[in-house]
file final_4.csv (CSV, C-alpha atoms)
chain,number,residue,atom,x,y,z
A,3,MET,CA,28.8,-77.3,16.3
A,4,ALA,CA,31.1,-78.9,18.9
A,5,THR,CA,33.5,-80.0,16.2
A,6,TYR,CA,33.5,-76.5,14.7
A,7,LEU,CA,34.1,-74.9,18.1
A,8,ILE,CA,37.1,-77.2,18.7
A,9,LYS,CA,38.5,-76.4,15.2
A,10,ARG,CA,38.1,-72.6,15.8
A,11,VAL,CA,39.8,-72.9,19.2
A,12,LEU,CA,42.7,-74.8,17.6
A,13,GLN,CA,43.0,-72.1,14.9
A,14,THR,CA,43.6,-69.5,17.5
A,15,ILE,CA,46.6,-71.2,18.9
A,16,PRO,CA,49.1,-70.0,16.2
A,17,VAL,CA,47.7,-66.5,16.7
A,18,ILE,CA,48.3,-66.7,20.4
A,19,LEU,CA,51.8,-68.0,19.9
A,20,GLY,CA,52.5,-65.1,17.5
A,21,VAL,CA,51.3,-62.6,20.1
A,22,ILE,CA,53.5,-64.2,22.8
A,23,VAL,CA,56.5,-63.9,20.6
A,24,PHE,CA,55.6,-60.3,19.7
A,25,THR,CA,55.1,-59.2,23.3
A,26,PHE,CA,58.5,-60.7,24.2
A,27,ILE,CA,60.3,-59.0,21.3
A,28,LEU,CA,58.5,-55.7,22.3
A,29,MET,CA,60.9,-55.4,25.3
A,30,TYR,CA,63.9,-55.2,23.0
A,31,VAL,CA,62.5,-52.9,20.2
A,32,VAL,CA,61.0,-50.2,22.4
A,33,PRO,CA,63.5,-47.4,23.1
A,34,GLY,CA,64.8,-47.1,26.6
A,35,ASP,CA,66.5,-49.2,29.3
A,36,PRO,CA,64.1,-50.8,31.8
A,37,VAL,CA,66.8,-50.9,34.5
A,38,LEU,CA,67.5,-47.2,34.1
A,39,SER,CA,63.7,-46.6,34.4
A,40,MET,CA,63.7,-48.4,37.7
A,41,VAL,CA,66.7,-46.8,39.4
A,42,GLY,CA,66.1,-43.2,38.1
A,43,GLU,CA,68.8,-40.6,37.7
A,44,ARG,CA,70.8,-41.6,40.8
A,45,TYR,CA,72.5,-44.9,40.2
A,46,ASP,CA,75.8,-46.7,40.1
A,47,GLU,CA,77.1,-49.5,37.9
A,48,ALA,CA,76.9,-52.1,40.7
A,49,THR,CA,73.2,-51.4,41.3
A,50,ILE,CA,72.5,-51.7,37.5
A,51,GLN,CA,74.3,-55.0,37.2
A,52,LYS,CA,72.6,-56.4,40.3
A,53,LEU,CA,69.2,-55.5,38.9
A,54,ARG,CA,70.0,-57.0,35.5
A,55,GLN,CA,70.9,-60.2,37.2
A,56,ASP,CA,67.7,-60.2,39.3
A,57,LEU,CA,65.6,-59.5,36.2
A,58,ARG,CA,67.5,-62.1,34.2
A,59,LEU,CA,68.3,-59.5,31.5
A,60,ASP,CA,71.9,-60.9,31.2
A,61,ASP,CA,70.6,-64.4,30.3
A,62,PRO,CA,70.8,-65.4,26.6
A,63,LEU,CA,67.7,-64.4,24.6
A,64,LEU,CA,66.3,-67.9,24.1
A,65,LYS,CA,66.7,-68.6,27.8
A,66,GLN,CA,64.8,-65.4,28.6
A,67,PHE,CA,62.1,-66.4,26.2
A,68,GLY,CA,61.8,-69.8,27.7
A,69,HIS,CA,61.5,-68.3,31.2
A,70,TYR,CA,58.9,-65.8,29.9
A,71,VAL,CA,56.7,-68.5,28.2
A,72,GLY,CA,57.0,-70.8,31.2
A,73,ASN,CA,55.7,-68.1,33.5
A,74,LEU,CA,52.9,-67.4,31.1
A,75,PHE,CA,51.7,-71.0,31.3
A,76,LYS,CA,51.6,-70.6,35.1
A,77,GLY,CA,49.6,-67.4,34.8
A,78,ASP,CA,52.5,-65.2,35.8
A,79,LEU,CA,52.8,-62.1,33.7
A,80,GLY,CA,55.8,-60.9,35.8
A,81,ASN,CA,56.1,-58.0,38.2
A,82,SER,CA,56.0,-54.3,37.4
A,83,PHE,CA,59.4,-52.7,37.2
A,84,ILE,CA,58.1,-49.6,39.0
A,85,THR,CA,55.8,-50.9,41.7
A,86,MET,CA,57.1,-54.5,41.9
A,87,ARG,CA,53.5,-55.7,42.1
A,88,PRO,CA,52.4,-58.7,40.0
A,89,VAL,CA,51.1,-57.5,36.6
A,90,ALA,CA,48.3,-60.0,36.6
A,91,ASP,CA,47.0,-58.7,40.0
A,92,ASP,CA,47.1,-55.1,38.6
A,93,LEU,CA,45.2,-56.2,35.5
A,94,MET,CA,42.5,-57.9,37.5
A,95,GLU,CA,42.2,-54.8,39.7
A,96,LYS,CA,41.6,-52.6,36.7
A,97,LEU,CA,39.4,-55.0,34.8
A,98,PRO,CA,36.1,-54.3,36.6
A,99,PHE,CA,36.4,-50.5,35.8
A,100,THR,CA,37.1,-51.3,32.1
A,101,LEU,CA,34.2,-53.8,32.0
A,102,LEU,CA,31.8,-51.2,33.4
A,103,LEU,CA,32.9,-48.6,30.9
A,104,ALA,CA,32.8,-51.1,28.0
A,105,ALA,CA,29.3,-52.3,28.9
A,106,ALA,CA,28.0,-48.7,29.2
A,107,ALA,CA,29.6,-47.7,25.9
A,108,MET,CA,28.3,-50.7,24.2
A,109,ALA,CA,24.8,-50.0,25.5
A,110,VAL,CA,25.0,-46.4,24.1
A,111,SER,CA,26.3,-47.8,20.8
A,112,ILE,CA,23.6,-50.5,20.4
A,113,VAL,CA,20.6,-48.4,21.5
A,114,VAL,CA,21.5,-45.3,19.5
A,115,GLY,CA,23.0,-47.0,16.5
A,116,LEU,CA,20.2,-49.5,15.9
A,117,ALA,CA,17.4,-47.0,16.5
A,118,VAL,CA,18.9,-44.4,14.2
A,119,GLY,CA,19.7,-47.0,11.5
A,120,ILE,CA,16.2,-48.6,11.5
A,121,ILE,CA,14.4,-45.3,11.5
A,122,SER,CA,16.5,-43.9,8.7
A,123,SER,CA,15.9,-47.0,6.6
A,124,LEU,CA,12.1,-46.6,6.9
A,125,LYS,CA,12.3,-43.0,5.5
A,126,PRO,CA,15.1,-43.3,2.8
A,127,ASN,CA,16.3,-40.0,1.3
A,128,SER,CA,14.0,-38.0,3.6
A,129,LEU,CA,15.3,-35.0,5.5
A,130,LEU,CA,15.4,-37.2,8.6
A,131,ASP,CA,17.4,-39.8,6.8
A,132,ARG,CA,19.9,-37.3,5.4
A,133,GLY,CA,20.2,-35.5,8.8
A,134,THR,CA,20.9,-38.6,10.8
A,135,MET,CA,23.3,-40.1,8.3
A,136,PHE,CA,25.2,-36.8,8.3
A,137,LEU,CA,25.5,-36.9,12.0
A,138,ALA,CA,26.6,-40.6,11.8
A,139,LEU,CA,29.3,-39.6,9.3
A,140,THR,CA,30.4,-36.8,11.7
A,141,GLY,CA,30.5,-39.3,14.5
A,142,ILE,CA,32.7,-41.7,12.5
A,143,SER,CA,35.1,-38.8,11.4
A,144,ALA,CA,35.4,-37.1,14.8
A,145,PRO,CA,38.5,-38.2,16.8
A,146,VAL,CA,37.7,-39.8,20.2
A,147,PHE,CA,39.8,-37.3,22.1
A,148,TRP,CA,38.0,-34.4,20.4
A,149,VAL,CA,34.6,-35.8,21.3
A,150,GLY,CA,35.7,-36.3,24.9
A,151,LEU,CA,37.2,-32.9,25.4
A,152,LEU,CA,34.1,-31.3,23.8
A,153,LEU,CA,31.8,-33.1,26.2
A,154,ILE,CA,34.0,-32.1,29.2
A,155,LEU,CA,34.0,-28.5,28.1
A,156,ILE,CA,30.3,-28.1,27.3
A,157,ILE,CA,28.5,-30.5,29.7
A,158,GLY,CA,31.1,-30.8,32.5
A,159,VAL,CA,32.6,-27.3,32.7
A,160,ASN,CA,30.2,-24.8,31.2
A,161,LEU,CA,26.8,-26.4,32.0
A,162,LYS,CA,28.0,-28.3,35.0
A,163,TRP,CA,25.4,-31.0,34.4
A,164,LEU,CA,27.9,-33.9,35.0
A,165,PRO,CA,31.3,-34.3,36.6
A,166,PRO,CA,34.0,-33.8,33.9
A,167,ILE,CA,36.6,-36.3,35.1
A,168,GLY,CA,37.2,-38.9,37.8
A,169,TYR,CA,35.5,-42.0,39.1
A,170,GLY,CA,32.6,-42.2,41.5
A,171,GLY,CA,28.9,-42.8,41.1
A,172,VAL,CA,26.9,-43.4,37.8
A,173,GLU,CA,27.1,-39.7,36.9
A,174,TYR,CA,30.9,-40.2,36.3
A,175,LEU,CA,30.2,-43.0,33.8
A,176,ILE,CA,28.0,-41.1,31.4
A,177,LEU,CA,30.4,-38.8,29.6
A,178,PRO,CA,33.1,-41.4,29.0
A,179,ALA,CA,30.5,-44.0,27.9
A,180,ILE,CA,29.1,-41.5,25.3
A,181,THR,CA,32.6,-40.6,24.2
A,182,LEU,CA,33.6,-44.2,23.7
A,183,GLY,CA,30.3,-45.3,22.2
A,184,THR,CA,29.9,-42.5,19.7
A,185,ARG,CA,32.0,-43.8,16.8
A,186,SER,CA,30.6,-47.4,17.2
A,187,ALA,CA,27.1,-46.0,17.3
A,188,ALA,CA,27.7,-44.1,14.1
A,189,PHE,CA,29.2,-47.1,12.3
A,190,LEU,CA,26.3,-49.3,13.5
A,191,ALA,CA,23.7,-46.7,12.3
A,192,ARG,CA,25.1,-46.7,8.8
A,193,ILE,CA,25.5,-50.5,8.6
A,194,THR,CA,22.0,-51.0,10.0
A,195,ARG,CA,20.5,-48.6,7.5
A,196,ALA,CA,22.3,-50.1,4.5
A,197,THR,CA,21.4,-53.7,5.4
A,198,MET,CA,17.8,-52.8,6.3
A,199,LEU,CA,17.3,-51.0,3.0
A,200,ASP,CA,18.5,-54.2,1.2
A,201,VAL,CA,16.3,-56.5,3.2
A,202,LEU,CA,13.2,-54.3,2.9
A,203,GLN,CA,13.3,-54.8,-0.9
A,204,GLN,CA,13.1,-58.6,-0.6
A,205,ASP,CA,10.0,-60.5,-1.8
A,206,TYR,CA,9.2,-62.0,1.6
A,207,ILE,CA,8.9,-58.4,3.0
A,208,ARG,CA,6.5,-57.4,0.3
A,209,THR,CA,4.5,-60.6,1.0
A,210,ALA,CA,4.4,-59.8,4.7
A,211,ARG,CA,3.1,-56.3,4.0
A,212,ALA,CA,0.6,-57.7,1.5
A,213,LYS,CA,-0.9,-59.9,4.2
A,214,GLY,CA,-1.7,-56.8,6.2
A,215,LEU,CA,0.8,-57.3,9.0
A,216,PRO,CA,1.5,-54.2,11.1
A,217,GLU,CA,4.6,-52.3,9.9
A,218,TRP,CA,6.4,-52.7,13.3
A,219,LYS,CA,6.0,-56.5,13.0
A,220,VAL,CA,7.3,-56.5,9.4
A,221,VAL,CA,10.3,-54.5,10.5
A,222,LEU,CA,11.2,-56.1,13.8
A,223,LYS,CA,10.1,-59.7,13.2
A,224,HIS,CA,10.8,-60.2,9.5
A,225,ALA,CA,13.4,-57.6,8.4
A,226,PHE,CA,15.6,-56.8,11.3
A,227,PRO,CA,16.7,-60.4,12.1
A,228,ASN,CA,18.1,-60.7,8.6
A,229,THR,CA,20.5,-57.8,9.2
A,230,LEU,CA,22.2,-59.3,12.3
A,231,ILE,CA,25.4,-60.7,10.7
A,232,PRO,CA,27.2,-57.4,10.0
A,233,ILE,CA,25.7,-55.9,13.2
A,234,ILE,CA,27.1,-58.7,15.3
A,235,THR,CA,30.5,-58.3,13.6
A,236,ILE,CA,30.7,-54.6,14.5
A,237,ILE,CA,29.5,-55.1,18.1
A,238,GLY,CA,31.9,-58.0,18.7
A,239,VAL,CA,35.0,-56.2,17.4
A,240,ASP,CA,34.2,-53.0,19.2
A,241,PHE,CA,33.5,-54.7,22.5
A,242,GLY,CA,36.8,-56.6,22.2
A,243,SER,CA,38.6,-53.3,21.7
A,244,TYR,CA,36.7,-51.8,24.7
A,245,LEU,CA,37.7,-54.6,27.0
A,246,SER,CA,41.3,-54.3,25.9
A,247,GLY,CA,41.3,-50.8,27.3
A,248,ALA,CA,40.1,-47.5,25.8
A,249,VAL,CA,43.4,-45.7,26.2
A,250,LEU,CA,42.3,-42.2,25.1
A,251,THR,CA,38.9,-42.2,26.8
A,252,GLU,CA,40.2,-43.5,30.1
A,253,SER,CA,43.1,-41.1,30.1
A,254,ILE,CA,41.0,-38.0,29.2
A,255,PHE,CA,38.4,-38.7,31.9
A,256,GLY,CA,40.8,-40.1,34.5
A,257,TRP,CA,39.0,-43.4,34.5
A,258,PRO,CA,41.0,-46.1,36.4
A,259,GLY,CA,40.9,-48.8,33.8
A,260,ILE,CA,43.3,-51.0,31.8
A,261,GLY,CA,43.7,-48.3,29.0
A,262,ARG,CA,45.0,-45.7,31.4
A,263,PHE,CA,47.1,-48.3,33.2
A,264,ALA,CA,48.7,-49.2,29.9
A,265,LEU,CA,49.4,-45.6,29.0
A,266,ASP,CA,51.1,-45.0,32.3
A,267,ALA,CA,53.3,-48.1,31.8
A,268,ILE,CA,54.3,-46.8,28.3
A,269,LEU,CA,55.3,-43.4,29.7
A,270,LYS,CA,57.3,-45.0,32.5
A,271,ARG,CA,58.8,-47.8,30.2
A,272,ASP,CA,57.4,-50.4,32.6
A,273,PHE,CA,58.0,-53.3,30.1
A,274,PRO,CA,56.3,-56.2,32.1
A,275,VAL,CA,53.1,-54.1,32.3
A,276,ILE,CA,53.3,-53.2,28.6
A,277,GLN,CA,53.8,-56.8,27.7
A,278,GLY,CA,50.9,-57.9,30.0
A,279,THR,CA,48.5,-55.3,28.6
A,280,VAL,CA,49.3,-56.1,25.0
A,281,LEU,CA,48.9,-59.8,25.6
A,282,PHE,CA,45.6,-59.2,27.4
A,283,ALA,CA,44.3,-56.9,24.6
A,284,ALA,CA,45.2,-59.5,22.0
A,285,MET,CA,43.4,-62.2,24.0
A,286,MET,CA,40.3,-60.1,24.3
A,287,PHE,CA,40.2,-59.5,20.5
A,288,ILE,CA,40.7,-63.3,19.9
A,289,LEU,CA,37.9,-64.1,22.3
A,290,ALA,CA,35.5,-61.5,20.9
A,291,ASN,CA,36.1,-62.8,17.3
A,292,LEU,CA,35.5,-66.4,18.5
A,293,ILE,CA,32.2,-65.4,20.1
A,294,VAL,CA,31.1,-63.5,17.1
A,295,ASP,CA,31.9,-66.4,14.8
A,296,LEU,CA,29.8,-68.7,17.0
A,297,LEU,CA,26.9,-66.3,17.1
A,298,TYR,CA,26.8,-66.4,13.3
A,299,GLY,CA,25.5,-69.9,13.6
A,300,VAL,CA,22.9,-68.9,16.2
A,301,VAL,CA,21.3,-66.1,14.1
A,302,ASP,CA,21.7,-67.6,10.6
A,303,PRO,CA,20.4,-71.2,10.1
A,304,LYS,CA,22.3,-71.5,6.8
A,305,VAL,CA,25.6,-71.0,8.6
A,306,ARG,CA,24.6,-73.5,11.2
A,307,LEU,CA,23.7,-76.1,8.6
A,308,GLU,CA,27.0,-75.5,6.7
A,309,ARG,CA,29.0,-76.0,9.9
A,310,SER,CA,27.0,-79.2,10.8
A,311,ASN,CA,27.7,-80.6,7.4
A,312,GLY,CA,31.3,-79.6,7.4

call {"tool": "encode", "arguments": {"input": "final_4.csv", "output": "structure tokens"}}
result
Amino acid sequence: MATYLIKRVLQTIPVILGVIVFTFILMYVVPGDPVLSMVGERYDEATIQKLRQDLRLDDPLLKQFGHYVGNLFKGDLGNSFITMRPVADDLMEKLPFTLLLAAAAMAVSIVVGLAVGIISSLKPNSLLDRGTMFLALTGISAPVFWVGLLLILIIGVNLKWLPPIGYGGVEYLILPAITLGTRSAAFLARITRATMLDVLQQDYIRTARAKGLPEWKVVLKHAFPNTLIPIITIIGVDFGSYLSGAVLTESIFGWPGIGRFALDAILKRDFPVIQGTVLFAAMMFILANLIVDLLYGVVDPKVRLERSNG
């Protein structure tokens, strides 16, 4: 397993290098002049030239890239063009809020998705099954911003059960967590149902039932563990996307996380922040995929054996 882990980590290096090149090029393909964004409407040519020199924007492209990569290896993502604060510090300041929202949304997704998927698989083609799968399909199809605005309008504004926007106590977390977790829960429900239906037709499940085992034990102990590979895949990818910043959800609910931070940077053409958030998002996806890949060996002995032999 250690050999496999080292191999997987080495395989991520070209991906990381590609992301670094992409984030550097991003500054030159996005419309707008970062210097003009900093000085605003009132500026003179001398001020612009001074800023270009300070930011090293007049250096040759390769020299700028070398400086950028060198700073990255030191953990320096640069300073914001707008606030002049270190981007890394701002990201670390926003990360706890995004982590909290991601964990809450993932809890909604796992609890609702697995419960609905398992229950539906036990009553295939019933009214309950068709109703829950229709709701799951609706959850997959509904845009995130539409779900968020609907929850704000109904629960926050009309019923006044929960605060519609902002950040404070736990009550402020519920609506954005439901909004962010809805689509993932819907995907999880459909995948869980499909894999459970396949597993429940296997001979070892019939044998377990023939031995007189309680149905809950047959389902949870013998059937459900064999559905974990696709479930772990969905959970890992979704959690990676949550950690990289849920732009729409955080913006709609005024949540002070990385997603809203990234959107503000895009609107202001704050290129160091855009580069930093894109790089951070890519690293979160890479890390999530690496963890998912390792978990395959934990839940599936065949995968673990193949890796040990390889």

call {"tool": "atom_distance", "arguments": {"input": "final_4.csv", "atom1": "CA of Ala179 in chain A", "atom2": "CA of Leu93 in chain A"}}
result
20.6 Å

call {"tool": "residues_around", "arguments": {"input": "final_4.csv", "residues": "range 99-103 of chain A", "least_positions_apart": "6", "cutoff": "9 Å", "atoms": "all atoms listed in the file", "output": "NGL selection string"}}
result
:A and (175-176 or 178-179 or 182 or 244-248 or 252 or 257-261)

call {"tool": "closest_residue", "arguments": {"input": "final_4.csv", "among": "A:Pro62, A:Gly72, A:Gly171, A:Gly119", "to": "Leu137 in chain A", "atoms": "only C-alpha atoms"}}
result
A:Gly119

call {"tool": "residues_around", "arguments": {"input": "final_4.csv", "residues": "Ile268 in chain A", "least_positions_apart": "3", "cutoff": "12 Å", "atoms": "all atoms listed in the file", "output": "PyMOL selection string"}}
result
chain A and resi 28-29+32-34+36+39+82-84+249+261-265+271-280

call {"tool": "write_last_selection", "arguments": {"input": "final_4.csv", "atoms": "C-alpha atoms", "output": "JSON list (two decimals), in the frame of the given file"}}
result
[["chain", "number", "residue", "atom", "x", "y", "z"],
["A", 28, "LEU", "CA", 58.50, -55.70, 22.30],
["A", 29, "MET", "CA", 60.90, -55.40, 25.30],
["A", 32, "VAL", "CA", 61.00, -50.20, 22.40],
["A", 33, "PRO", "CA", 63.50, -47.40, 23.10],
["A", 34, "GLY", "CA", 64.80, -47.10, 26.60],
["A", 36, "PRO", "CA", 64.10, -50.80, 31.80],
["A", 39, "SER", "CA", 63.70, -46.60, 34.40],
["A", 82, "SER", "CA", 56.00, -54.30, 37.40],
["A", 83, "PHE", "CA", 59.40, -52.70, 37.20],
["A", 84, "ILE", "CA", 58.10, -49.60, 39.00],
["A", 249, "VAL", "CA", 43.40, -45.70, 26.20],
["A", 261, "GLY", "CA", 43.70, -48.30, 29.00],
["A", 262, "ARG", "CA", 45.00, -45.70, 31.40],
["A", 263, "PHE", "CA", 47.10, -48.30, 33.20],
["A", 264, "ALA", "CA", 48.70, -49.20, 29.90],
["A", 265, "LEU", "CA", 49.40, -45.60, 29.00],
["A", 271, "ARG", "CA", 58.80, -47.80, 30.20],
["A", 272, "ASP", "CA", 57.40, -50.40, 32.60],
["A", 273, "PHE", "CA", 58.00, -53.30, 30.10],
["A", 274, "PRO", "CA", 56.30, -56.20, 32.10],
["A", 275, "VAL", "CA", 53.10, -54.10, 32.30],
["A", 276, "ILE", "CA", 53.30, -53.20, 28.60],
["A", 277, "GLN", "CA", 53.80, -56.80, 27.70],
["A", 278, "GLY", "CA", 50.90, -57.90, 30.00],
["A", 279, "THR", "CA", 48.50, -55.30, 28.60],
["A", 280, "VAL", "CA", 49.30, -56.10, 25.00]]

call {"tool": "atom_distance", "arguments": {"input": "final_4.csv", "atom1": "CA of Phe255 in chain A", "atom2": "CA of Asn160 in chain A"}}
result
16.2 Å

call {"tool": "decode", "arguments": {"input": "final_4.csv", "residues": "range 258-299 of chain A", "atoms": "C-alpha atoms", "output": "mmCIF file, in the first residue's frame"}}
result
data_model
loop_
_atom_site.group_PDB
_atom_site.id
_atom_site.type_symbol
_atom_site.label_atom_id
_atom_site.label_comp_id
_atom_site.auth_asym_id
_atom_site.auth_seq_id
_atom_site.Cartn_x
_atom_site.Cartn_y
_atom_site.Cartn_z
ATOM 1 C CA PRO A 258 -18.051 34.503 4.061
ATOM 2 C CA GLY A 259 -16.247 31.549 2.482
ATOM 3 C CA ILE A 260 -13.749 30.930 -0.310
ATOM 4 C CA GLY A 261 -16.394 30.803 -3.046
ATOM 5 C CA ARG A 262 -17.685 34.287 -2.329
ATOM 6 C CA PHE A 263 -14.100 35.490 -1.917
ATOM 7 C CA ALA A 264 -13.275 34.143 -5.398
ATOM 8 C CA LEU A 265 -16.332 35.749 -6.987
ATOM 9 C CA ASP A 266 -15.467 39.148 -5.492
ATOM 10 C CA ALA A 267 -11.945 38.797 -6.896
ATOM 11 C CA ILE A 268 -13.277 37.983 -10.378
ATOM 12 C CA LEU A 269 -15.590 40.999 -10.356
ATOM 13 C CA LYS A 270 -12.724 43.273 -9.263
ATOM 14 C CA ARG A 271 -10.134 41.604 -11.562
ATOM 15 C CA ASP A 272 -7.952 40.872 -8.543
ATOM 16 C CA PHE A 273 -5.665 38.458 -10.404
ATOM 17 C CA PRO A 274 -3.465 37.198 -7.527
ATOM 18 C CA VAL A 275 -6.618 36.222 -5.614
ATOM 19 C CA ILE A 276 -8.090 34.563 -8.724
ATOM 20 C CA GLN A 277 -4.861 32.634 -9.257
ATOM 21 C CA GLY A 278 -4.706 31.628 -5.598
ATOM 22 C CA THR A 279 -8.297 30.413 -5.411
ATOM 23 C CA VAL A 280 -8.021 28.468 -8.693
ATOM 24 C CA LEU A 281 -4.829 26.803 -7.478
ATOM 25 C CA PHE A 282 -6.420 26.050 -4.106
ATOM 26 C CA ALA A 283 -9.519 24.569 -5.782
ATOM 27 C CA ALA A 284 -7.385 22.330 -7.983
ATOM 28 C CA MET A 285 -5.381 21.114 -4.990
ATOM 29 C CA MET A 286 -8.586 20.275 -3.137
ATOM 30 C CA PHE A 287 -9.826 18.202 -6.085
ATOM 31 C CA ILE A 288 -6.498 16.393 -6.359
ATOM 32 C CA LEU A 289 -6.462 15.678 -2.619
ATOM 33 C CA ALA A 290 -10.081 14.465 -2.654
ATOM 34 C CA ASN A 291 -9.398 12.104 -5.565
ATOM 35 C CA LEU A 292 -6.280 10.767 -3.857
ATOM 36 C CA ILE A 293 -8.199 10.046 -0.640
ATOM 37 C CA VAL A 294 -11.022 8.379 -2.595
ATOM 38 C CA ASP A 295 -8.510 6.213 -4.441
ATOM 39 C CA LEU A 296 -6.974 5.089 -1.147
ATOM 40 C CA LEU A 297 -10.393 4.372 0.372
ATOM 41 C CA TYR A 298 -11.129 1.936 -2.454
ATOM 42 C CA GLY A 299 -8.483 -0.353 -0.993
#
